[in-house]
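Source file: protein-v4.cif. Holds: mmCIF, C-alpha atoms.
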data_coords
#
loop_
_atom_site.group_PDB
_atom_site.id
_atom_site.type_symbol
_atom_site.label_atom_id
_atom_site.label_comp_id
_atom_site.auth_asym_id
_atom_site.auth_seq_id
_atom_site.Cartn_x
_atom_site.Cartn_y
_atom_site.Cartn_z
ATOM 1 C CA GLN F 1 135.750 29.976 129.341
ATOM 2 C CA VAL F 2 138.112 27.081 128.805
ATOM 3 C CA GLN F 3 136.631 23.821 127.583
ATOM 4 C CA LEU F 4 138.547 20.546 127.638
ATOM 5 C CA VAL F 5 138.198 17.726 125.147
ATOM 6 C CA GLU F 6 139.697 14.302 125.772
ATOM 7 C CA SER F 7 140.426 11.728 123.086
ATOM 8 C CA GLY F 8 142.325 8.497 122.607
ATOM 9 C CA GLY F 9 140.335 6.101 124.735
ATOM 10 C CA GLY F 10 139.294 2.681 123.546
ATOM 11 C CA LEU F 11 139.470 -1.060 124.061
ATOM 12 C CA VAL F 12 142.875 -2.681 124.495
ATOM 13 C CA GLN F 13 144.167 -6.016 125.705
ATOM 14 C CA ALA F 14 146.063 -6.309 128.959
ATOM 15 C CA GLY F 15 149.694 -5.369 128.454
ATOM 16 C CA GLY F 16 148.837 -2.968 125.655
ATOM 17 C CA SER F 17 149.198 0.792 125.397
ATOM 18 C CA LEU F 18 147.029 3.832 124.767
ATOM 19 C CA ARG F 19 147.751 7.543 124.630
ATOM 20 C CA LEU F 20 145.086 9.945 125.828
ATOM 21 C CA SER F 21 145.035 13.565 124.708
ATOM 22 C CA CYS F 22 143.506 16.606 126.362
ATOM 23 C CA ALA F 23 143.079 19.732 124.284
ATOM 24 C CA ALA F 24 141.615 23.062 125.326
ATOM 25 C CA SER F 25 139.349 25.302 123.338
ATOM 26 C CA GLY F 26 139.290 28.950 124.113
ATOM 27 C CA ARG F 27 142.751 29.154 125.625
ATOM 28 C CA SER F 28 146.023 27.250 125.624
ATOM 29 C CA LEU F 29 146.577 24.633 128.282
ATOM 30 C CA SER F 30 150.031 26.099 128.807
ATOM 31 C CA ASN F 31 148.362 28.582 131.168
ATOM 32 C CA TYR F 32 147.134 25.938 133.588
ATOM 33 C CA ALA F 33 148.199 23.110 135.827
ATOM 34 C CA THR F 34 146.490 20.012 134.457
ATOM 35 C CA ALA F 35 145.762 16.498 135.641
ATOM 36 C CA TRP F 36 144.141 13.221 134.740
ATOM 37 C CA PHE F 37 141.657 11.475 136.986
ATOM 38 C CA ARG F 38 139.678 8.292 136.444
ATOM 39 C CA GLN F 39 136.487 6.751 137.688
ATOM 40 C CA ALA F 40 135.616 3.081 137.464
ATOM 41 C CA PRO F 41 132.034 1.834 137.824
ATOM 42 C CA GLU F 42 130.780 2.110 141.393
ATOM 43 C CA LYS F 43 134.063 3.635 142.573
ATOM 44 C CA GLU F 44 135.161 7.099 143.599
ATOM 45 C CA ARG F 45 136.989 9.321 141.144
ATOM 46 C CA GLU F 46 140.723 8.931 141.739
ATOM 47 C CA PHE F 47 143.834 10.862 140.876
ATOM 48 C CA VAL F 48 146.037 9.433 138.113
ATOM 49 C CA ALA F 49 148.699 11.993 137.168
ATOM 50 C CA ALA F 50 149.349 15.747 137.258
ATOM 51 C CA ILE F 51 151.613 18.243 135.524
ATOM 52 C CA SER F 52 152.525 21.767 136.532
ATOM 53 C CA ARG F 53 151.790 24.811 134.431
ATOM 54 C CA SER F 54 155.362 24.946 133.153
ATOM 55 C CA GLY F 55 155.485 21.226 132.567
ATOM 56 C CA GLU F 56 158.660 20.804 134.611
ATOM 57 C CA SER F 57 156.944 19.101 137.551
ATOM 58 C CA THR F 58 154.893 15.927 137.271
ATOM 59 C CA HIS F 59 153.477 13.364 139.669
ATOM 60 C CA ALA F 60 151.722 10.045 139.220
ATOM 61 C CA ALA F 61 149.673 7.907 141.571
ATOM 62 C CA ASP F 62 151.387 4.882 143.066
ATOM 63 C CA SER F 63 149.066 2.555 141.164
ATOM 64 C CA VAL F 64 150.254 3.826 137.759
ATOM 65 C CA ARG F 65 153.774 5.068 138.430
ATOM 66 C CA GLY F 66 156.261 3.499 136.067
ATOM 67 C CA ARG F 67 153.486 2.635 133.594
ATOM 68 C CA PHE F 68 151.757 5.985 132.908
ATOM 69 C CA THR F 69 153.445 9.237 131.905
ATOM 70 C CA ILE F 70 151.887 12.696 131.745
ATOM 71 C CA SER F 71 153.402 15.282 129.424
ATOM 72 C CA ARG F 72 152.750 18.427 127.392
ATOM 73 C CA ASP F 73 153.558 18.937 123.725
ATOM 74 C CA THR F 74 156.261 21.480 122.870
ATOM 75 C CA ALA F 75 153.682 24.124 122.089
ATOM 76 C CA LYS F 76 152.011 23.257 125.411
ATOM 77 C CA THR F 77 148.593 23.231 123.816
ATOM 78 C CA THR F 78 147.852 19.585 124.585
ATOM 79 C CA VAL F 79 148.418 17.365 127.595
ATOM 80 C CA TYR F 80 148.954 13.657 127.078
ATOM 81 C CA LEU F 81 148.683 10.560 129.225
ATOM 82 C CA GLN F 82 150.795 7.742 127.832
ATOM 83 C CA MET F 83 149.557 4.489 129.327
ATOM 84 C CA ASN F 84 151.702 1.364 128.975
ATOM 85 C CA SER F 85 151.419 -2.141 130.416
ATOM 86 C CA LEU F 86 147.701 -1.648 130.879
ATOM 87 C CA LYS F 87 145.847 -3.856 133.329
ATOM 88 C CA PRO F 88 142.135 -4.723 133.587
ATOM 89 C CA GLU F 89 141.990 -2.657 136.780
ATOM 90 C CA ASP F 90 142.884 0.429 134.717
ATOM 91 C CA THR F 91 139.435 0.212 133.110
ATOM 92 C CA ALA F 92 137.614 3.479 133.804
ATOM 93 C CA VAL F 93 136.431 6.738 132.360
ATOM 94 C CA TYR F 94 139.424 9.056 132.252
ATOM 95 C CA TYR F 95 138.937 12.776 132.810
ATOM 96 C CA CYS F 96 141.204 15.698 132.091
ATOM 97 C CA ALA F 97 141.053 18.638 134.503
ATOM 98 C CA ALA F 98 142.577 22.122 134.515
ATOM 99 C CA ARG F 99 143.116 24.617 137.312
ATOM 100 C CA THR F 100 142.198 27.997 135.830
ATOM 101 C CA ARG F 101 141.848 29.892 139.116
ATOM 102 C CA ASN F 102 144.463 30.750 141.759
ATOM 103 C CA ILE F 103 147.240 30.450 139.207
ATOM 104 C CA ASP F 104 150.632 29.362 140.500
ATOM 105 C CA TYR F 105 152.884 31.918 138.816
ATOM 106 C CA SER F 106 156.027 29.918 139.526
ATOM 107 C CA GLY F 107 154.603 27.332 137.174
ATOM 108 C CA THR F 108 156.132 24.498 139.189
ATOM 109 C CA ARG F 109 153.265 23.275 141.327
ATOM 110 C CA TYR F 110 151.056 20.312 140.556
ATOM 111 C CA TYR F 111 147.872 19.330 142.346
ATOM 112 C CA THR F 112 146.501 15.883 143.171
ATOM 113 C CA ASP F 113 143.141 16.706 144.764
ATOM 114 C CA SER F 114 140.167 16.913 142.417
ATOM 115 C CA SER F 115 138.776 19.874 144.374
ATOM 116 C CA GLN F 116 141.746 21.946 143.199
ATOM 117 C CA TYR F 117 140.573 21.808 139.582
ATOM 118 C CA ASP F 118 137.677 23.846 138.269
ATOM 119 C CA VAL F 119 137.384 22.842 134.616
ATOM 120 C CA TRP F 120 136.724 19.257 133.547
ATOM 121 C CA GLY F 121 136.369 17.425 130.272
ATOM 122 C CA GLN F 122 133.574 14.999 129.440
ATOM 123 C CA GLY F 123 135.775 11.949 129.833
ATOM 124 C CA THR F 124 136.982 9.160 127.577
ATOM 125 C CA GLN F 125 136.403 5.461 128.194
ATOM 126 C CA VAL F 126 139.359 3.127 128.560
ATOM 127 C CA THR F 127 138.602 -0.580 128.678
ATOM 128 C CA VAL F 128 141.335 -3.161 129.247
ATOM 129 C CA SER F 129 140.414 -6.773 128.558
ATOM 130 C CA SER F 130 142.140 -9.674 130.262
#
As structure tokens - that is how I would like this structure written.
Amino acid sequence: QVQLVESGGGLVQAGGSLRLSCAASGRSLSNYATAWFRQAPEKEREFVAAISRSGESTHAADSVRGRFTISRDTAKTTVYLQMNSLKPEDTAVYYCAARTRNIDYSGTRYYTDSSQYDVWGQGTQVTVSS
């Protein structure tokens, strides 16, 4: 069973940067399409960014496009979310998710709906002060 562990969250001033990491225990993340979601207090969980199994396809939500970048390391064992120009409205718990079932063997598909992911990390808090 794959388990995901997020790290890199913290407190940052508006305009600052953070890099979140998502590592898998049990198996390499290179086997799975992966995504980041976030949930702010009293709000629904929302999609942030996704990357295909191969890493060649990525997609980011409109609210973060141009500021956030999802990527894999060269060994494909870790997925990152580089967050620049952070805003107070980016404050949330950020979750990493992996799709370990119904594998896309082309490796090029990404998924933006949380229901398409079956393994989730515990989350890491990101707080952006104004």
Extract, using all atoms listed in the file, all DNA, RNA and protein residues at most 8 Å from region 47-49 of chain F, discarding same-chain residues fewer than 6 positions from it, and format them as a PyMOL selection string. chain F and resi 35-38+58-61+64+68-70+112-114
When you count only C-alpha atoms, which of these residues is closest to Thr124 (chain F): F:Ser28, F:Gln39, F:Ser17, F:Gln82?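 With only C-alpha atoms as the atom set, the closest residue is F:Gln39.
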List, as a ChimeraX atom specification, every residue that the PyMOL selection byres ((chain F and resi 123) around 8) selects in the file provided. /F:5-6,93-96,121-122,124-125
Could you dump the residues just selected with C-alpha atoms as a tab-separated table (two decimals), in the frame of the given file?
chain	number	residue	atom	x	y	z
F	5	VAL	CA	138.20	17.73	125.15
F	6	GLU	CA	139.70	14.30	125.77
F	93	VAL	CA	136.43	6.74	132.36
F	94	TYR	CA	139.42	9.06	132.25
F	95	TYR	CA	138.94	12.78	132.81
F	96	CYS	CA	141.20	15.70	132.09
F	121	GLY	CA	136.37	17.42	130.27
F	122	GLN	CA	133.57	15.00	129.44
F	124	THR	CA	136.98	9.16	127.58
F	125	GLN	CA	136.40	5.46	128.19
Hey, can you check how far CA of Leu86 (chain F) sits from CA of Cys22 (chain F)? 19.3 Å
How many Å separate CA of Trp120 (chain F) from CA of Ser106 (chain F)?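 Taking CA of Trp120 (chain F) and CA of Ser106 (chain F), their separation equals 22.8 Å.
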Answer key for the PyMOL selection byres ((chain F and resi 29) around 12), residues as a VMD selection string: chain F and resid 2 to 5 21 to 28 30 to 35 51 to 55 71 to 80 96 to 100 119
With C-alpha atoms retained, export the selected residues as a CSV table (one decimal), in the frame of the given file.
chain,number,residue,atom,x,y,z
F,2,VAL,CA,138.1,27.1,128.8
F,3,GLN,CA,136.6,23.8,127.6
F,4,LEU,CA,138.5,20.5,127.6
F,5,VAL,CA,138.2,17.7,125.1
F,21,SER,CA,145.0,13.6,124.7
F,22,CYS,CA,143.5,16.6,126.4
F,23,ALA,CA,143.1,19.7,124.3
F,24,ALA,CA,141.6,23.1,125.3
F,25,SER,CA,139.3,25.3,123.3
F,26,GLY,CA,139.3,29.0,124.1
F,27,ARG,CA,142.8,29.2,125.6
F,28,SER,CA,146.0,27.2,125.6
F,30,SER,CA,150.0,26.1,128.8
F,31,ASN,CA,148.4,28.6,131.2
F,32,TYR,CA,147.1,25.9,133.6
F,33,ALA,CA,148.2,23.1,135.8
F,34,THR,CA,146.5,20.0,134.5
F,35,ALA,CA,145.8,16.5,135.6
F,51,ILE,CA,151.6,18.2,135.5
F,52,SER,CA,152.5,21.8,136.5
F,53,ARG,CA,151.8,24.8,134.4
F,54,SER,CA,155.4,24.9,133.2
F,55,GLY,CA,155.5,21.2,132.6
F,71,SER,CA,153.4,15.3,129.4
F,72,ARG,CA,152.8,18.4,127.4
F,73,ASP,CA,153.6,18.9,123.7
F,74,THR,CA,156.3,21.5,122.9
F,75,ALA,CA,153.7,24.1,122.1
F,76,LYS,CA,152.0,23.3,125.4
F,77,THR,CA,148.6,23.2,123.8
F,78,THR,CA,147.9,19.6,124.6
F,79,VAL,CA,148.4,17.4,127.6
F,80,TYR,CA,149.0,13.7,127.1
F,96,CYS,CA,141.2,15.7,132.1
F,97,ALA,CA,141.1,18.6,134.5
F,98,ALA,CA,142.6,22.1,134.5
F,99,ARG,CA,143.1,24.6,137.3
F,100,THR,CA,142.2,28.0,135.8
F,119,VAL,CA,137.4,22.8,134.6
Padding of 5 Å on every side, edges along x, y and z, all listed atoms of region 81-93 of chain F included: what centre and edge lengths in Å, to one decimal, does that box have, as AutoDock Vina command-line options?
--center_x 144.1 --center_y 2.9 --center_z 132.3 --size_x 25.3 --size_y 25.3 --size_z 18.9
Report, in Å to a single decimal, how far apart CA of Val128 (chain F) and CA of Ala92 (chain F) are.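 So the two atoms, CA of Ala92 (chain F) and CA of Val128 (chain F), lie 8.9 Å apart.
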Quick one: which residues end up in the PyMOL selection byres ((chain F and resi 19) around 6) for this structure, as JSON, numbers by chain? {"F": [8, 18, 20, 81, 82, 83]}
Min atom-atom distance to Gly107 (chain F) from the set F:Ser57, F:Gln1, F:Ser63, F:Ser85, counting all atoms listed in the file, belongs to F:Ser57
Nearest-residue call for Ala50 (chain F), choices F:Glu89, F:Tyr110, F:Asp104, F:Ser129, using all atoms listed in the file: F:Tyr110
